[in-house]
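Trainee: If you scroll down you'll find the structure; I have some questions about it.
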Number of protein chains: 2
Amino acid sequence: MRILIKNISHLFTPDLRAGYGKIIDKKNVHLLIHDGKIEKIFEFHDSTPEVDQVINASGKAVLPGFIDAHTHPVFWKTREDEFVMRIQGKSYEEIAAAGGGIRNSVRKFREAEKEAIKKVTRRRIRSFLEYGVTTIEAKSGYGLSTVDEIKSLEIINELNEEQPLEMIPTFLGAHEIPDEYRNDRQAYVELVCSEMIPLVAERKLARYCDVFCEKGVFTADESRRILTTAQKYGLKARIHADELAPFGGAELAAEIGAVTADHLVQTSEAGIKAMAEKGVIPVLLPGTTFFLGKDKYAPARKMIDAGCEVAISTDFNPGSSTTQNIQLIWTIAALKLKMLPEELLWASTYIPAKSLSSEDRIGAIEPGKQADLVILDIPNLNYLPYHYGMNHTFMTIKKGVVVFTRSG
Amino acid sequence: MRILIKNISHLFTPDLRAGYGKIIDKKNVHLLIHDGKIEKIFEFHDSTPEVDQVINASGKAVLPGFIDAHTHPVFWKTREDEFVMRIQGKSYEEIAAAGGGIRNSVRKFREAEKEAIKKVTRRRIRSFLEYGVTTIEAKSGYGLSTVDEIKSLEIINELNEEQPLEMIPTFLGAHEIPDEYRNDRQAYVELVCSEMIPLVAERKLARYCDVFCEKGVFTADESRRILTTAQKYGLKARIHADELAPFGGAELAAEIGAVTADHLVQTSEAGIKAMAEKGVIPVLLPGTTFFLGKDKYAPARKMIDAGCEVAISTDFNPGSSTTQNIQLIWTIAALKLKMLPEELLWASTYIPAKSLSSEDRIGAIEPGKQADLVILDIPNLNYLPYHYGMNHTFMTIKKGVVVFTRSG
């Protein structure tokens with residue numbers, strides 16, 4: 001099967017030879033896809049080959065499909081009531097301490113049937129495709145019992161087989177201390193390490209393990225134990241670090257060789273230096289800071305200046321960031337993290353691919369890579385974060401197949 | 001022509017008898033439209049009449065079409081390059097002082113043919129319908145010469161006739177001091193008062209007159225002169241007030257009996273009290289504060305507590321707020337103005353209708369009013385600002401005609 005995407009005004013992709021923040025902008029080209037992979041980029045004046053299908057990009061721009069390396073899509077009920085409590089003056093931390101937040105989602109998740117959760121999750125992840133996202137990292141973490149964490153990871157793995165959005169699963173049994181272990185947190189850490197991780201690894205239900213290392217959740221010592229145990233079982237480490245308070249999460253990520261450290265709003269200079277030295281990828285989630293109504297954002301420029309390759313993500317979840325719109329995250333990252341459009345392209349394609357050990361296959365447009373693409377109705381790259389709050393997607397393509405087309 | 005909208009799960013509309021912030025939530029109803037007007041609301045178990053057309057709301061929610069009472073849609077070029085300059089550290093005010101900002105738009109606007117500007121404006125305003133907006137107030141203000149301001153208002157009036165989005169025109173000749181009058185601002189004020197306003201009034205090209213009363217733009221005295229002149233010619237007053245610095249704009253609005261005062265980020269307590277006493281409607285534009293990367297928002301709660309009826313708007317324009325997504329404005333207003341969903345419903349339907357002297361006709365769902373409606377895919381009203389950055393519109397209806405339907 002050969003497909004030609006014709007009439008591309010701009011083809012934007014990270015310039016992998018030039019390095020972070022440098023991009024290739026090819027004007028007036030056609031793109032040839034062969035059996036789901038990129039074969040060749042043509043100039044307009046080149047002769048084009050015989051193909052089975054032609055897609056007309058209609059003078060729009062083609063980018064690698066966006067990759068979102070931090071999401072929590074498997075939950076049962078939304079939490080708009082807690083959102084209104086926040087407007088009325090309660091903080092996210094107060095709501096969580098009173099049994100709301102993640103624990104609220106956990107209680108509801110445990111009560112629901114797997115098939116019912118799968119159905120709402122299927123609908124939810126469809127929205128990622130509409131915004132041009134072709135791959136997400138998807139975490140468990142609203143089960144917090146062996147049976148419910150397995151249920152969550154099974155949903156991710158099963159949905160991965162039946163619909164086009166690619167999901168790479170992460171085990172997040174250490175998302176919170178569940179209600180029944182509030183008075184014996186060590187026993188919960190023990191359960192995660194001795195029972196959940198071995199089972200998840202044996203059944204190959206996840207490729208990564210994550211921990212919410214944060215004041216009031218898991219300490220650095222507990223996080224170290226959980227993540228190094230996971231590493232022994234072949235799961236690579238990601239870590240929720242320094243979101244609400246400086247807690248040594250970035251330093252821990254560097255110490256144990258985690259692939260990513262995520263959030264990092266409150267990270268120390270030492271933490272930034274350690275991440276840069278060890279090649280830990282900061283996954284920044286400015287939508288979460290926005291949606292929590294806060295004004296202090298992660299120090300992205302310091303990280304980039306220190307040599308970190310920064311990724312951005314929606315953090316899609318039912319409490320602290322409810323959006324699937326990665327394009328709005330570009331705007332917030334531009335305004336508040338002071339990241340330039342060229343850096344945002346890297347941060348939402350090649351770097352998240354790298355954080356998912358998939359950069360040989362996805363995250364850039366070059367011959368041999370998977371034809372995961374988004375066609376955007378934008379005249380230049382600066383326009384994407386500039387025209388904010390909109391959906392600029394004209395078409396989303398996964399492995400050469402059109403999976404979303406905008407109407408109207 | 002009779003149309004039945006069936007299977008409405010919730011019909012949300014301002015409760016006009018109960019007052020600001022109180023809403024009606026009718027569950028499980030059908031809605032009958034007759035010749036573009038709302039005729040009746042039925043319970044599910046009532047017998048339904050013979051109709052010419054049935055629209056299936058599919059269990060979704062119906063609201064009055066959103067009304068956006070502050071937009072600048074008639075411009076030629078977008079300004080994404082200035083957006084990138086802001087990310088790199090320049091402030092909006094610095095860019096404006098160096099000849100960018102509004103004056104940049106003015107130079108481009110003057111060079112372009114009317115038909116070309118009309119074409120891009122037509123495309124742009126289409127997006128409002130996609131987000132459920134059925135009426136906008138539309139300002140001139142990128143011409144700043146008699147001929148170019150007339151060109152702008154003609155575009156608004158002509159587009160009003162040929163497409164479904166209703167636009168109510170406002171003359172904003174006093175948007176900035178144009179380049180050629182920088183050394184003789186009084187001459188420009190004189191031109192606005194002696195030539196532009198009389199001509200706009202005579203040709204009935206606008207219903208309102210607005211002034212950008214702000215430090216570095218028009219003083220309170222200049223604004224008073226322009227707006228009271230406009231009032232003599234039958235144009236009601238609106239005013240850009242206290243956005244960047246406290247400048248007495250709210251007080252001036254109250255003094256001269258302006259219909260609205262807009263922005264109001266820096267408004268004084270005395271200004272709030274004066275607006276409340278005189279019934280001036282504050283039109284708050286939190287998307288602009290967000291898009292300028294600032295953290296200080298208009299004191300909406302103080303205004304509501306003082307008895308003001310607050311409206312919210314996108315401020316759609318090419319420099320300081322580029323979005324047509326009023327639903328995202330709900331989220332920013334909830335998070336940063338601490339406005340509740342019920343207040344946001346009033347603030348984006350009935351109150352902006354009132355600010356446009358059109359509340360007898362639009363802004364609520366009740367028999368006799370125009371059938372301007374939006375059908376949203378939301379389970380409750382709290383969900384709308386909660387699931388942020390998305391488009392929840394399932395269908396938009398103007399005068400009983402479906403003007404947008406979501407695909408997929």
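Letters A, B, ... mark the chains of the structure tokens in the order given; residue numbers begin at 1 per chain; ligand numbers begin at 1, in order shown.
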Distance limit 8 Å, atoms considered: only C-alpha atoms. Which chain B residues sit that close to chain A? Return them as a ChimeraX atom specification.
Mentor: /B:80-81,83-84,87-88,291-293,295,322-325,328,334-336,338-340,382-383,386-390,406-407
Trainee: Give me the residues within 12 Å of Gln186 (chain A) as a list in words, counting only C-alpha atoms and dropping any in the same chain fewer than 4 places off.
Mentor: Ala174, Ile177, Pro178, Tyr181, Arg182, Glu190, Leu191, Val192, Cys193, Ser194, Phe218, Thr219, Asp221, Glu222, Ser223, Arg225 and Ile226 of chain A
Trainee: Of the candidates B:Ser152, B:Ser140, B:Asn160, B:Asn183, which shows the shortest atom-to-atom distance to Tyr208 (chain B), using only C-alpha atoms?
Mentor: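 Selected residue with least distance to Tyr208 (chain B): B:Ser140.
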Trainee: Tell me which of A:Pro198, A:Gly101, A:Pro14, A:Pro246 sits closest to Ala353 (chain A), counting only C-alpha atoms.
Mentor: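 Using only C-alpha atoms, the shortest distance to Ala353 (chain A) belongs to A:Pro14.
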Trainee: List every residue of region 168-403 of chain A that DSSP, applied to the backbone of this structure, places in helix (DSSP H, G or I), and write the result as a PyMOL selection string.
Mentor: chain A and resi 179-181+185-202+220-232+249-256+269-278+286-291+300-305+326-337+341-347+350-355+383-386
Trainee: Among the residues of region 141-382 of chain A, find those DSSP assigns to strand (DSSP E) from the backbone and print them as JSON, numbers by chain.
Mentor: {"A": [166, 167, 168, 169, 170, 171, 172, 173, 174, 208, 209, 210, 211, 212, 213, 236, 237, 238, 239, 240, 241, 260, 261, 262, 263, 281, 282, 283, 284, 311, 312, 373, 374, 375, 376]}
Trainee: Please produce a file of those selected residues containing N, CA and C atoms, as a compact mmCIF listing (two decimals), in the first residue's frame.
Mentor:
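Final output, out05.txt:
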# COMPACT_ATOMS: atom_id res chain seq x y z
N GLU A 166 -1.93 4.75 19.96
CA GLU A 166 -0.98 3.85 20.60
C GLU A 166 -0.79 4.25 22.06
N MET A 167 -0.90 3.26 22.96
CA MET A 167 -0.73 3.54 24.39
C MET A 167 0.39 2.69 24.94
N ILE A 168 1.33 3.33 25.61
CA ILE A 168 2.45 2.61 26.20
C ILE A 168 2.22 2.62 27.71
N PRO A 169 2.02 1.42 28.30
CA PRO A 169 1.54 1.37 29.68
C PRO A 169 2.61 1.53 30.75
N THR A 170 2.24 2.26 31.78
CA THR A 170 3.07 2.47 32.97
C THR A 170 2.29 2.03 34.21
N PHE A 171 2.96 1.25 35.05
CA PHE A 171 2.35 0.83 36.32
C PHE A 171 2.57 1.92 37.37
N LEU A 172 1.46 2.45 37.90
CA LEU A 172 1.54 3.51 38.91
C LEU A 172 0.75 3.08 40.16
N GLY A 173 1.08 1.89 40.65
CA GLY A 173 0.45 1.42 41.90
C GLY A 173 0.75 2.38 43.05
N ALA A 174 1.87 3.08 42.96
CA ALA A 174 2.24 4.02 44.04
C ALA A 174 1.82 5.44 43.67
N TYR A 208 6.84 0.55 32.05
CA TYR A 208 7.44 1.50 32.98
C TYR A 208 6.78 1.37 34.34
N CYS A 209 7.48 1.87 35.36
CA CYS A 209 6.91 1.99 36.70
C CYS A 209 7.10 3.44 37.14
N ASP A 210 6.07 4.00 37.76
CA ASP A 210 6.09 5.40 38.18
C ASP A 210 5.69 5.45 39.66
N VAL A 211 6.13 6.50 40.36
CA VAL A 211 5.75 6.72 41.76
C VAL A 211 5.43 8.20 41.94
N PHE A 212 4.41 8.50 42.73
CA PHE A 212 4.09 9.89 43.08
C PHE A 212 4.94 10.24 44.31
N CYS A 213 6.16 10.71 44.06
CA CYS A 213 7.09 11.07 45.13
C CYS A 213 6.80 12.52 45.50
N LYS A 236 11.32 0.08 33.48
CA LYS A 236 12.11 1.31 33.62
C LYS A 236 11.35 2.32 34.49
N ALA A 237 12.08 3.26 35.07
CA ALA A 237 11.48 4.16 36.06
C ALA A 237 11.13 5.53 35.47
N ARG A 238 9.94 6.01 35.86
CA ARG A 238 9.52 7.40 35.68
C ARG A 238 9.13 7.87 37.07
N ILE A 239 9.09 9.17 37.30
CA ILE A 239 8.77 9.62 38.66
C ILE A 239 8.06 10.97 38.67
N HIS A 240 6.94 11.05 39.42
CA HIS A 240 6.27 12.32 39.70
C HIS A 240 7.10 13.03 40.76
N ALA A 241 7.72 14.15 40.41
CA ALA A 241 8.71 14.73 41.32
C ALA A 241 8.52 16.22 41.52
N THR A 260 12.54 9.45 33.12
CA THR A 260 11.97 10.80 33.20
C THR A 260 11.76 11.20 34.66
N ALA A 261 11.72 12.51 34.88
CA ALA A 261 11.17 13.08 36.12
C ALA A 261 10.12 14.07 35.66
N ASP A 262 8.93 14.01 36.26
CA ASP A 262 7.77 14.72 35.73
C ASP A 262 7.25 15.75 36.73
N HIS A 263 6.68 16.83 36.24
CA HIS A 263 6.19 18.00 37.00
C HIS A 263 7.32 19.00 37.25
N ILE A 281 15.03 12.85 31.45
CA ILE A 281 14.19 13.77 30.66
C ILE A 281 13.14 14.42 31.56
N PRO A 282 13.16 15.75 31.67
CA PRO A 282 12.10 16.43 32.42
C PRO A 282 10.82 16.44 31.59
N VAL A 283 9.74 15.91 32.13
CA VAL A 283 8.44 15.97 31.45
C VAL A 283 7.62 17.04 32.18
N LEU A 284 7.45 18.18 31.52
CA LEU A 284 6.80 19.32 32.18
C LEU A 284 5.32 19.39 31.82
N ALA A 311 10.51 17.59 27.70
CA ALA A 311 9.24 17.21 27.05
C ALA A 311 8.09 17.96 27.72
N ILE A 312 6.99 18.14 26.98
CA ILE A 312 5.77 18.69 27.59
C ILE A 312 4.64 17.69 27.40
N LEU A 373 1.45 11.00 11.74
CA LEU A 373 1.52 12.39 11.30
C LEU A 373 0.30 13.17 11.74
N VAL A 374 0.48 14.48 11.87
CA VAL A 374 -0.68 15.36 12.04
C VAL A 374 -0.58 16.45 10.98
N ILE A 375 -1.70 16.71 10.31
CA ILE A 375 -1.77 17.81 9.35
C ILE A 375 -2.52 18.94 10.04
N LEU A 376 -1.84 20.08 10.17
CA LEU A 376 -2.40 21.22 10.91
C LEU A 376 -2.70 22.38 9.98
Trainee: Can you tell me which residues surround Leu205 (chain A) at a distance of at most 8 Å, considering only C-alpha atoms, apart from same-chain residues fewer than 3 positions away, and format the answer as a VMD selection string?
Mentor: chain A and resid 150 153 to 154 157 169 200 to 202
Trainee: Would you kindly return, as a PyMOL selection string, each protein, DNA or RNA residue with an atom no farther than 9 Å from any atom of Lys302 (chain A), considering only C-alpha atoms and excluding same-chain residues fewer than 4 positions away?
Mentor: chain A and resi 269+272+306-308
Trainee: For Phe109 (chain A), list every protein, DNA or RNA residue within 9 Å, evaluated using only C-alpha atoms, and leave out those in the same chain fewer than 4 positions away; present the list as a list in words.
Mentor: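 Non-adjacent residues within range: Val74, Phe75, Trp76, Lys77, Asn104, Ser105, Glu113, Lys114, Ile117, Tyr142, Gly143 and Asp148 of chain A.
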Trainee: Quick one: residues within 7 Å of Val29 (chain A), only C-alpha atoms, excluding same-chain residues fewer than 4 positions away - as a PyMOL selection string?
Mentor: chain A and resi 7-9+41-44
Trainee: Quick one: write out the picked residues with all heavy atoms as an mmCIF file, in the first residue's frame?
Mentor:
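Below is the file that was written, selection-v1.cif:
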data_model
loop_
_atom_site.group_PDB
_atom_site.id
_atom_site.type_symbol
_atom_site.label_atom_id
_atom_site.label_comp_id
_atom_site.auth_asym_id
_atom_site.auth_seq_id
_atom_site.Cartn_x
_atom_site.Cartn_y
_atom_site.Cartn_z
ATOM 1 N N ASN A 7 0.607 18.371 -1.724
ATOM 2 C CA ASN A 7 0.318 19.780 -1.396
ATOM 3 C C ASN A 7 0.558 20.136 0.071
ATOM 4 O O ASN A 7 -0.293 20.701 0.743
ATOM 5 C CB ASN A 7 -1.127 20.132 -1.767
ATOM 6 C CG ASN A 7 -1.349 20.074 -3.260
ATOM 7 O OD1 ASN A 7 -0.423 20.318 -4.038
ATOM 8 N ND2 ASN A 7 -2.558 19.730 -3.665
ATOM 9 N N ILE A 8 1.734 19.787 0.556
ATOM 10 C CA ILE A 8 2.140 20.178 1.905
ATOM 11 C C ILE A 8 2.875 21.520 1.806
ATOM 12 O O ILE A 8 3.855 21.634 1.075
ATOM 13 C CB ILE A 8 3.082 19.101 2.502
ATOM 14 C CG1 ILE A 8 2.352 17.755 2.606
ATOM 15 C CG2 ILE A 8 3.633 19.557 3.841
ATOM 16 C CD1 ILE A 8 3.271 16.573 2.901
ATOM 17 N N SER A 9 2.374 22.527 2.516
ATOM 18 C CA SER A 9 3.034 23.846 2.437
ATOM 19 C C SER A 9 4.315 23.864 3.266
ATOM 20 O O SER A 9 5.334 24.421 2.859
ATOM 21 C CB SER A 9 2.090 24.950 2.910
ATOM 22 O OG SER A 9 1.736 24.724 4.248
ATOM 23 N N ILE A 41 10.436 12.095 0.824
ATOM 24 C CA ILE A 41 9.880 13.445 0.725
ATOM 25 C C ILE A 41 10.276 14.004 -0.639
ATOM 26 O O ILE A 41 11.450 13.953 -1.011
ATOM 27 C CB ILE A 41 10.437 14.338 1.862
ATOM 28 C CG1 ILE A 41 10.037 13.748 3.227
ATOM 29 C CG2 ILE A 41 9.930 15.773 1.725
ATOM 30 C CD1 ILE A 41 10.825 14.282 4.402
ATOM 31 N N PHE A 42 9.277 14.489 -1.395
ATOM 32 C CA PHE A 42 9.509 15.015 -2.750
ATOM 33 C C PHE A 42 9.324 16.529 -2.787
ATOM 34 O O PHE A 42 8.467 17.055 -2.095
ATOM 35 C CB PHE A 42 8.448 14.499 -3.732
ATOM 36 C CG PHE A 42 8.464 13.040 -3.959
ATOM 37 C CD1 PHE A 42 7.777 12.193 -3.105
ATOM 38 C CD2 PHE A 42 9.121 12.518 -5.051
ATOM 39 C CE1 PHE A 42 7.769 10.826 -3.332
ATOM 40 C CE2 PHE A 42 9.109 11.162 -5.277
ATOM 41 C CZ PHE A 42 8.444 10.310 -4.427
ATOM 42 N N GLU A 43 10.054 17.188 -3.646
ATOM 43 C CA GLU A 43 9.750 18.590 -3.983
ATOM 44 C C GLU A 43 8.528 18.609 -4.912
ATOM 45 O O GLU A 43 8.245 17.624 -5.589
ATOM 46 C CB GLU A 43 10.928 19.248 -4.713
ATOM 47 C CG GLU A 43 12.269 19.126 -4.008
ATOM 48 C CD GLU A 43 12.378 20.036 -2.801
ATOM 49 O OE1 GLU A 43 11.856 21.163 -2.843
ATOM 50 O OE2 GLU A 43 12.974 19.609 -1.782
ATOM 51 N N PHE A 44 7.846 19.757 -4.972
ATOM 52 C CA PHE A 44 6.670 19.871 -5.858
ATOM 53 C C PHE A 44 7.009 19.557 -7.315
ATOM 54 O O PHE A 44 6.205 18.983 -8.028
ATOM 55 C CB PHE A 44 6.097 21.300 -5.796
ATOM 56 C CG PHE A 44 5.063 21.499 -4.710
ATOM 57 C CD1 PHE A 44 4.866 20.548 -3.710
ATOM 58 C CD2 PHE A 44 4.265 22.651 -4.680
ATOM 59 C CE1 PHE A 44 3.911 20.740 -2.716
ATOM 60 C CE2 PHE A 44 3.308 22.851 -3.694
ATOM 61 C CZ PHE A 44 3.147 21.895 -2.707
#
Trainee: How many Å separate CA of Asp179 (chain A) from CA of Ala97 (chain A)?
Mentor: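 CA of Asp179 (chain A) sits 11.2 Å away from CA of Ala97 (chain A).
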